[in-house]
$ cat final_31.pdb   # PDB, N, CA and C atoms, pLDDT in the B column
ATOM      1  N   ASN A   1       6.981  25.849 -15.032  1.00 62.00           N
ATOM      2  CA  ASN A   1       5.748  25.845 -14.260  1.00 62.00           C
ATOM      3  C   ASN A   1       5.296  24.388 -14.059  1.00 62.00           C
ATOM      4  N   ARG A   2       5.796  23.775 -13.040  1.00 73.00           N
ATOM      5  CA  ARG A   2       5.527  22.364 -12.765  1.00 73.00           C
ATOM      6  C   ARG A   2       4.328  22.220 -11.823  1.00 73.00           C
ATOM      7  N   THR A   3       3.412  21.349 -12.172  1.00 87.00           N
ATOM      8  CA  THR A   3       2.220  21.104 -11.383  1.00 87.00           C
ATOM      9  C   THR A   3       2.372  19.792 -10.635  1.00 87.00           C
ATOM     10  N   ASN A   4       1.933  19.774  -9.369  1.00 93.00           N
ATOM     11  CA  ASN A   4       1.965  18.510  -8.643  1.00 93.00           C
ATOM     12  C   ASN A   4       0.565  17.889  -8.635  1.00 93.00           C
ATOM     13  N   ILE A   5       0.487  16.653  -8.220  1.00 93.00           N
ATOM     14  CA  ILE A   5      -0.774  15.899  -8.262  1.00 93.00           C
ATOM     15  C   ILE A   5      -1.851  16.546  -7.400  1.00 93.00           C
ATOM     16  N   ARG A   6      -1.487  17.069  -6.223  1.00 92.00           N
ATOM     17  CA  ARG A   6      -2.491  17.699  -5.348  1.00 92.00           C
ATOM     18  C   ARG A   6      -3.101  18.954  -5.962  1.00 92.00           C
ATOM     19  N   GLU A   7      -2.384  19.633  -6.845  1.00 92.00           N
ATOM     20  CA  GLU A   7      -2.950  20.799  -7.525  1.00 92.00           C
ATOM     21  C   GLU A   7      -4.016  20.374  -8.528  1.00 92.00           C
ATOM     22  N   ILE A   8      -3.821  19.219  -9.155  1.00 92.00           N
ATOM     23  CA  ILE A   8      -4.789  18.705 -10.119  1.00 92.00           C
ATOM     24  C   ILE A   8      -5.949  17.995  -9.423  1.00 92.00           C
ATOM     25  N   PHE A   9      -5.620  17.209  -8.383  1.00 93.00           N
ATOM     26  CA  PHE A   9      -6.617  16.456  -7.614  1.00 93.00           C
ATOM     27  C   PHE A   9      -6.520  16.864  -6.144  1.00 93.00           C
ATOM     28  N   PRO A  10      -7.153  17.960  -5.759  1.00 92.00           N
ATOM     29  CA  PRO A  10      -7.005  18.478  -4.391  1.00 92.00           C
ATOM     30  C   PRO A  10      -7.540  17.540  -3.307  1.00 92.00           C
ATOM     31  N   ASN A  11      -8.418  16.615  -3.655  1.00 94.00           N
ATOM     32  CA  ASN A  11      -8.961  15.682  -2.667  1.00 94.00           C
ATOM     33  C   ASN A  11      -8.176  14.377  -2.581  1.00 94.00           C
ATOM     34  N   PHE A  12      -7.065  14.285  -3.289  1.00 93.00           N
ATOM     35  CA  PHE A  12      -6.211  13.094  -3.239  1.00 93.00           C
ATOM     36  C   PHE A  12      -5.554  13.041  -1.866  1.00 93.00           C
ATOM     37  N   ASP A  13      -6.037  12.118  -1.013  1.00 92.00           N
ATOM     38  CA  ASP A  13      -5.532  12.091   0.356  1.00 92.00           C
ATOM     39  C   ASP A  13      -5.205  10.694   0.884  1.00 92.00           C
ATOM     40  N   LEU A  14      -5.129   9.697  -0.015  1.00 93.00           N
ATOM     41  CA  LEU A  14      -4.727   8.354   0.382  1.00 93.00           C
ATOM     42  C   LEU A  14      -4.099   7.663  -0.819  1.00 93.00           C
ATOM     43  N   PHE A  15      -2.949   7.043  -0.592  1.00 92.00           N
ATOM     44  CA  PHE A  15      -2.261   6.321  -1.655  1.00 92.00           C
ATOM     45  C   PHE A  15      -2.251   4.838  -1.284  1.00 92.00           C
ATOM     46  N   VAL A  16      -2.793   3.993  -2.145  1.00 93.00           N
ATOM     47  CA  VAL A  16      -2.849   2.548  -1.924  1.00 93.00           C
ATOM     48  C   VAL A  16      -1.870   1.894  -2.889  1.00 93.00           C
ATOM     49  N   PHE A  17      -1.018   1.020  -2.373  1.00 93.00           N
ATOM     50  CA  PHE A  17      -0.015   0.368  -3.208  1.00 93.00           C
ATOM     51  C   PHE A  17       0.125  -1.092  -2.808  1.00 93.00           C
ATOM     52  N   GLY A  18       0.732  -1.871  -3.678  1.00 91.00           N
ATOM     53  CA  GLY A  18       0.989  -3.271  -3.377  1.00 91.00           C
ATOM     54  C   GLY A  18       1.859  -3.908  -4.432  1.00 91.00           C
ATOM     55  N   GLY A  19       2.518  -4.974  -4.047  1.00 86.00           N
ATOM     56  CA  GLY A  19       3.328  -5.725  -4.984  1.00 86.00           C
ATOM     57  C   GLY A  19       4.748  -5.218  -5.161  1.00 86.00           C
ATOM     58  N   VAL A  20       5.117  -4.171  -4.449  1.00 88.00           N
ATOM     59  CA  VAL A  20       6.464  -3.614  -4.572  1.00 88.00           C
ATOM     60  C   VAL A  20       6.842  -2.940  -3.252  1.00 88.00           C
ATOM     61  N   ASN A  21       8.133  -2.936  -2.932  1.00 89.00           N
ATOM     62  CA  ASN A  21       8.617  -2.204  -1.765  1.00 89.00           C
ATOM     63  C   ASN A  21       8.544  -0.711  -2.087  1.00 89.00           C
ATOM     64  N   PHE A  22       7.685  -0.004  -1.405  1.00 90.00           N
ATOM     65  CA  PHE A  22       7.418   1.402  -1.707  1.00 90.00           C
ATOM     66  C   PHE A  22       8.468   2.349  -1.115  1.00 90.00           C
ATOM     67  N   GLU A  23       9.195   1.928  -0.086  1.00 91.00           N
ATOM     68  CA  GLU A  23      10.117   2.819   0.624  1.00 91.00           C
ATOM     69  C   GLU A  23      11.135   3.514  -0.277  1.00 91.00           C
ATOM     70  N   PRO A  24      11.760   2.841  -1.247  1.00 95.00           N
ATOM     71  CA  PRO A  24      12.712   3.558  -2.099  1.00 95.00           C
ATOM     72  C   PRO A  24      12.078   4.670  -2.939  1.00 95.00           C
ATOM     73  N   TYR A  25      10.768   4.635  -3.109  1.00 93.00           N
ATOM     74  CA  TYR A  25      10.065   5.612  -3.950  1.00 93.00           C
ATOM     75  C   TYR A  25       9.282   6.653  -3.145  1.00 93.00           C
ATOM     76  N   ARG A  26       9.211   6.490  -1.826  1.00 92.00           N
ATOM     77  CA  ARG A  26       8.366   7.354  -0.990  1.00 92.00           C
ATOM     78  C   ARG A  26       8.707   8.840  -1.138  1.00 92.00           C
ATOM     79  N   ALA A  27       9.975   9.188  -1.092  1.00 94.00           N
ATOM     80  CA  ALA A  27      10.378  10.598  -1.193  1.00 94.00           C
ATOM     81  C   ALA A  27      10.007  11.190  -2.556  1.00 94.00           C
ATOM     82  N   LYS A  28      10.200  10.425  -3.625  1.00 94.00           N
ATOM     83  CA  LYS A  28       9.856  10.912  -4.973  1.00 94.00           C
ATOM     84  C   LYS A  28       8.350  11.103  -5.109  1.00 94.00           C
ATOM     85  N   PHE A  29       7.561  10.166  -4.546  1.00 93.00           N
ATOM     86  CA  PHE A  29       6.102  10.319  -4.599  1.00 93.00           C
ATOM     87  C   PHE A  29       5.645  11.536  -3.801  1.00 93.00           C
ATOM     88  N   LYS A  30       6.274  11.785  -2.648  1.00 94.00           N
ATOM     89  CA  LYS A  30       5.928  12.978  -1.864  1.00 94.00           C
ATOM     90  C   LYS A  30       6.172  14.238  -2.692  1.00 94.00           C
ATOM     91  N   GLU A  31       7.268  14.255  -3.424  1.00 93.00           N
ATOM     92  CA  GLU A  31       7.579  15.390  -4.297  1.00 93.00           C
ATOM     93  C   GLU A  31       6.547  15.514  -5.420  1.00 93.00           C
ATOM     94  N   LEU A  32       6.202  14.407  -6.060  1.00 93.00           N
ATOM     95  CA  LEU A  32       5.241  14.438  -7.169  1.00 93.00           C
ATOM     96  C   LEU A  32       3.826  14.789  -6.707  1.00 93.00           C
ATOM     97  N   ILE A  33       3.457  14.297  -5.526  1.00 94.00           N
ATOM     98  CA  ILE A  33       2.110  14.560  -4.995  1.00 94.00           C
ATOM     99  C   ILE A  33       2.009  15.977  -4.452  1.00 94.00           C
ATOM    100  N   GLY A  34       3.088  16.469  -3.850  1.00 91.00           N
ATOM    101  CA  GLY A  34       3.080  17.816  -3.282  1.00 91.00           C
ATOM    102  C   GLY A  34       2.722  17.832  -1.814  1.00 91.00           C
ATOM    103  N   ALA A  35       2.646  16.640  -1.200  1.00 91.00           N
ATOM    104  CA  ALA A  35       2.329  16.523   0.220  1.00 91.00           C
ATOM    105  C   ALA A  35       2.690  15.115   0.681  1.00 91.00           C
ATOM    106  N   ASP A  36       2.834  14.963   1.972  1.00 91.00           N
ATOM    107  CA  ASP A  36       3.063  13.646   2.555  1.00 91.00           C
ATOM    108  C   ASP A  36       1.705  13.101   2.976  1.00 91.00           C
ATOM    109  N   ILE A  37       1.130  12.211   2.162  1.00 92.00           N
ATOM    110  CA  ILE A  37      -0.204  11.696   2.448  1.00 92.00           C
ATOM    111  C   ILE A  37      -0.117  10.267   2.991  1.00 92.00           C
ATOM    112  N   PRO A  38      -1.127   9.829   3.735  1.00 92.00           N
ATOM    113  CA  PRO A  38      -1.137   8.459   4.253  1.00 92.00           C
ATOM    114  C   PRO A  38      -1.150   7.436   3.118  1.00 92.00           C
ATOM    115  N   SER A  39      -0.601   6.254   3.409  1.00 92.00           N
ATOM    116  CA  SER A  39      -0.591   5.182   2.424  1.00 92.00           C
ATOM    117  C   SER A  39      -1.007   3.870   3.087  1.00 92.00           C
ATOM    118  N   ILE A  40      -1.577   2.993   2.294  1.00 92.00           N
ATOM    119  CA  ILE A  40      -2.013   1.668   2.740  1.00 92.00           C
ATOM    120  C   ILE A  40      -1.401   0.648   1.786  1.00 92.00           C
ATOM    121  N   GLU A  41      -0.809  -0.400   2.355  1.00 93.00           N
ATOM    122  CA  GLU A  41      -0.221  -1.459   1.532  1.00 93.00           C
ATOM    123  C   GLU A  41      -1.168  -2.643   1.420  1.00 93.00           C
ATOM    124  N   LEU A  42      -1.272  -3.186   0.223  1.00 93.00           N
ATOM    125  CA  LEU A  42      -2.041  -4.403  -0.048  1.00 93.00           C
ATOM    126  C   LEU A  42      -1.095  -5.478  -0.551  1.00 93.00           C
ATOM    127  N   TYR A  43      -1.486  -6.743  -0.394  1.00 92.00           N
ATOM    128  CA  TYR A  43      -0.747  -7.850  -0.987  1.00 92.00           C
ATOM    129  C   TYR A  43      -1.697  -8.542  -1.951  1.00 92.00           C
ATOM    130  N   PRO A  44      -1.802  -8.022  -3.170  1.00 89.00           N
ATOM    131  CA  PRO A  44      -2.675  -8.643  -4.162  1.00 89.00           C
ATOM    132  C   PRO A  44      -1.962  -9.800  -4.853  1.00 89.00           C
ATOM    133  N   ALA A  45      -2.712 -10.814  -5.206  1.00 88.00           N
ATOM    134  CA  ALA A  45      -2.186 -11.954  -5.955  1.00 88.00           C
ATOM    135  C   ALA A  45      -3.278 -12.442  -6.894  1.00 88.00           C
ATOM    136  N   SER A  46      -2.930 -13.325  -7.804  1.00 86.00           N
ATOM    137  CA  SER A  46      -3.939 -13.844  -8.726  1.00 86.00           C
ATOM    138  C   SER A  46      -5.023 -14.629  -7.981  1.00 86.00           C
ATOM    139  N   GLU A  47      -4.698 -15.177  -6.812  1.00 83.00           N
ATOM    140  CA  GLU A  47      -5.679 -15.915  -6.013  1.00 83.00           C
ATOM    141  C   GLU A  47      -6.670 -14.988  -5.298  1.00 83.00           C
ATOM    142  N   GLY A  48      -6.291 -13.745  -5.101  1.00 86.00           N
ATOM    143  CA  GLY A  48      -7.140 -12.777  -4.395  1.00 86.00           C
ATOM    144  C   GLY A  48      -6.276 -11.856  -3.559  1.00 86.00           C
ATOM    145  N   PHE A  49      -6.905 -11.045  -2.746  1.00 87.00           N
ATOM    146  CA  PHE A  49      -6.160 -10.152  -1.856  1.00 87.00           C
ATOM    147  C   PHE A  49      -5.721 -10.945  -0.638  1.00 87.00           C
ATOM    148  N   ILE A  50      -4.421 -11.230  -0.560  1.00 91.00           N
ATOM    149  CA  ILE A  50      -3.849 -12.076   0.482  1.00 91.00           C
ATOM    150  C   ILE A  50      -3.798 -11.353   1.829  1.00 91.00           C
ATOM    151  N   ALA A  51      -3.385 -10.091   1.815  1.00 93.00           N
ATOM    152  CA  ALA A  51      -3.215  -9.352   3.069  1.00 93.00           C
ATOM    153  C   ALA A  51      -3.354  -7.855   2.801  1.00 93.00           C
ATOM    154  N   PHE A  52      -3.527  -7.116   3.886  1.00 92.00           N
ATOM    155  CA  PHE A  52      -3.643  -5.660   3.781  1.00 92.00           C
ATOM    156  C   PHE A  52      -3.146  -5.014   5.061  1.00 92.00           C
ATOM    157  N   GLN A  53      -2.724  -3.777   4.960  1.00 93.00           N
ATOM    158  CA  GLN A  53      -2.280  -3.002   6.115  1.00 93.00           C
ATOM    159  C   GLN A  53      -3.523  -2.441   6.782  1.00 93.00           C
ATOM    160  N   ASN A  54      -3.707  -2.754   8.053  1.00 90.00           N
ATOM    161  CA  ASN A  54      -4.927  -2.304   8.727  1.00 90.00           C
ATOM    162  C   ASN A  54      -4.663  -1.208   9.747  1.00 90.00           C
ATOM    163  N   SER A  55      -3.466  -0.679   9.787  1.00 89.00           N
ATOM    164  CA  SER A  55      -3.137   0.369  10.750  1.00 89.00           C
ATOM    165  C   SER A  55      -2.092   1.306  10.154  1.00 89.00           C
ATOM    166  N   GLN A  56      -2.252   2.587  10.343  1.00 85.00           N
ATOM    167  CA  GLN A  56      -1.255   3.566   9.899  1.00 85.00           C
ATOM    168  C   GLN A  56      -0.035   3.570  10.813  1.00 85.00           C
ATOM    169  N   GLU A  57      -0.173   3.024  12.031  1.00 87.00           N
ATOM    170  CA  GLU A  57       0.928   3.019  12.995  1.00 87.00           C
ATOM    171  C   GLU A  57       1.861   1.832  12.800  1.00 87.00           C
ATOM    172  N   ASP A  58       1.404   0.745  12.166  1.00 84.00           N
ATOM    173  CA  ASP A  58       2.206  -0.452  11.963  1.00 84.00           C
ATOM    174  C   ASP A  58       2.450  -0.686  10.479  1.00 84.00           C
ATOM    175  N   ASP A  59       3.636  -1.203  10.150  1.00 80.00           N
ATOM    176  CA  ASP A  59       3.967  -1.512   8.768  1.00 80.00           C
ATOM    177  C   ASP A  59       3.526  -2.911   8.359  1.00 80.00           C
ATOM    178  N   GLY A  60       3.183  -3.770   9.313  1.00 89.00           N
ATOM    179  CA  GLY A  60       2.829  -5.145   9.007  1.00 89.00           C
ATOM    180  C   GLY A  60       1.498  -5.264   8.282  1.00 89.00           C
ATOM    181  N   LEU A  61       1.283  -6.441   7.694  1.00 92.00           N
ATOM    182  CA  LEU A  61       0.052  -6.715   6.967  1.00 92.00           C
ATOM    183  C   LEU A  61      -0.779  -7.740   7.727  1.00 92.00           C
ATOM    184  N   LEU A  62      -2.075  -7.618   7.633  1.00 92.00           N
ATOM    185  CA  LEU A  62      -3.015  -8.535   8.257  1.00 92.00           C
ATOM    186  C   LEU A  62      -3.456  -9.545   7.209  1.00 92.00           C
ATOM    187  N   LEU A  63      -3.294 -10.827   7.505  1.00 91.00           N
ATOM    188  CA  LEU A  63      -3.681 -11.884   6.583  1.00 91.00           C
ATOM    189  C   LEU A  63      -5.195 -11.898   6.415  1.00 91.00           C
ATOM    190  N   ASN A  64      -5.651 -11.936   5.192  1.00 90.00           N
ATOM    191  CA  ASN A  64      -7.080 -11.910   4.872  1.00 90.00           C
ATOM    192  C   ASN A  64      -7.596 -13.354   4.844  1.00 90.00           C
ATOM    193  N   VAL A  65      -7.995 -13.881   6.003  1.00 89.00           N
ATOM    194  CA  VAL A  65      -8.344 -15.304   6.117  1.00 89.00           C
ATOM    195  C   VAL A  65      -9.816 -15.600   5.840  1.00 89.00           C
ATOM    196  N   ASP A  66     -10.640 -14.582   5.683  1.00 86.00           N
ATOM    197  CA  ASP A  66     -12.078 -14.809   5.506  1.00 86.00           C
ATOM    198  C   ASP A  66     -12.544 -14.360   4.121  1.00 86.00           C
ATOM    199  N   SER A  67     -11.848 -14.858   3.083  1.00 84.00           N
ATOM    200  CA  SER A  67     -12.217 -14.439   1.734  1.00 84.00           C
ATOM    201  C   SER A  67     -12.252 -15.597   0.734  1.00 84.00           C
ATOM    202  N   GLY A  68     -12.285 -16.814   1.252  1.00 86.00           N
ATOM    203  CA  GLY A  68     -12.379 -17.970   0.370  1.00 86.00           C
ATOM    204  C   GLY A  68     -11.063 -18.446  -0.198  1.00 86.00           C
ATOM    205  N   ILE A  69      -9.946 -17.930   0.286  1.00 88.00           N
ATOM    206  CA  ILE A  69      -8.624 -18.366  -0.166  1.00 88.00           C
ATOM    207  C   ILE A  69      -8.124 -19.444   0.791  1.00 88.00           C
ATOM    208  N   TYR A  70      -7.602 -20.530   0.246  1.00 87.00           N
ATOM    209  CA  TYR A  70      -7.063 -21.620   1.062  1.00 87.00           C
ATOM    210  C   TYR A  70      -5.594 -21.348   1.362  1.00 87.00           C
ATOM    211  N   PHE A  71      -5.240 -21.348   2.649  1.00 86.00           N
ATOM    212  CA  PHE A  71      -3.857 -21.181   3.082  1.00 86.00           C
ATOM    213  C   PHE A  71      -3.380 -22.492   3.682  1.00 86.00           C
ATOM    214  N   GLU A  72      -2.194 -22.914   3.318  1.00 88.00           N
ATOM    215  CA  GLU A  72      -1.594 -24.109   3.908  1.00 88.00           C
ATOM    216  C   GLU A  72      -0.272 -23.689   4.548  1.00 88.00           C
ATOM    217  N   PHE A  73      -0.179 -23.914   5.847  1.00 88.00           N
ATOM    218  CA  PHE A  73       1.031 -23.547   6.588  1.00 88.00           C
ATOM    219  C   PHE A  73       1.765 -24.813   6.977  1.00 88.00           C
ATOM    220  N   ILE A  74       3.049 -24.875   6.669  1.00 92.00           N
ATOM    221  CA  ILE A  74       3.879 -26.041   6.947  1.00 92.00           C
ATOM    222  C   ILE A  74       5.014 -25.608   7.855  1.00 92.00           C
ATOM    223  N   LYS A  75       5.269 -26.380   8.906  1.00 93.00           N
ATOM    224  CA  LYS A  75       6.357 -26.060   9.829  1.00 93.00           C
ATOM    225  C   LYS A  75       7.686 -26.009   9.083  1.00 93.00           C
ATOM    226  N   ALA A  76       8.492 -25.027   9.383  1.00 91.00           N
ATOM    227  CA  ALA A  76       9.763 -24.828   8.696  1.00 91.00           C
ATOM    228  C   ALA A  76      10.804 -25.876   9.064  1.00 91.00           C
ATOM    229  N   ASP A  77      10.730 -26.432  10.267  1.00 85.00           N
ATOM    230  CA  ASP A  77      11.734 -27.402  10.675  1.00 85.00           C
ATOM    231  C   ASP A  77      11.354 -28.769  10.168  1.00 85.00           C
TER     232      ASP A  77
END
$ encode --input "final_31.pdb" --output "structure tokens"
Amino acid sequence: NRTNIREIFPNFDLFVFGGVNFEPYRAKFKELIGADIPSIELYPASEGFIAFQNSQEDDGLLLNVDSGIYFEFIKAD
């Protein structure tokens, strides 16, 4: 008699993750949760939240430039 997360927490409807590539674990989490729920990716660091996913349609992250973190960009060439 195996219980999934949605049976214990029926209002669990968003999964937030960061710091790891979630794709290899997505299918296992769907099995453990008992449903395919939306997810949001964050890029947390010791300096602060660097970036976050601002759209369910895109996999990219939006740089968090208005939070007091200093970014220095140097040309690659």
$ select_by_dssp --input "final_31.pdb" --residues "region 9-59 of chain A" --states "strand (DSSP E)" --output "list of chain:residue names"
A:Phe15, A:Val16, A:Phe17, A:Gly18, A:Ser39, A:Ile40, A:Glu41, A:Leu42, A:Tyr43, A:Pro44, A:Ala45, A:Gly48, A:Phe49, A:Ile50, A:Ala51, A:Phe52
$ atom_distance --input "final_31.pdb" --atom1 "CA of Ile69 (chain A)" --atom2 "CA of Phe22 (chain A)"
25.5 Å
$ resolve_selection --input "final_31.pdb" --expression "the PyMOL selection byres ((chain A and resi 2-17) around 8)" --output "PyMOL selection string"
chain A and resi 1+18-20+22+31-44
$ atom_distance --input "final_31.pdb" --atom1 "CA of Leu63 (chain A)" --atom2 "atom C of Gly48 (chain A)"
10.5 Å
$ atom_distance --input "final_31.pdb" --atom1 "atom C of Lys30 (chain A)" --atom2 "atom N of Ser55 (chain A)"
21.7 Å
$ axis_aligned_box --input "final_31.pdb" --around "region 59-69 of chain A" --padding-each-side "4 Å" --output "AutoDock Vina command-line options"
--center_x -4.3 --center_y -10.3 --center_z 5.0 --size_x 24.5 --size_y 26.2 --size_z 18.3
$ select_by_dssp --input "final_31.pdb" --residues "chain A" --states "helix (DSSP H, G or I)" --output "VMD selection string"
chain A and resid 5 to 8 23 to 33
$ closest_residue --input "final_31.pdb" --among "A:Asn54, A:Ala27, A:Glu47, A:Asn21" --to "Tyr70 (chain A)" --atoms "only N, CA and C atoms"
A:Glu47
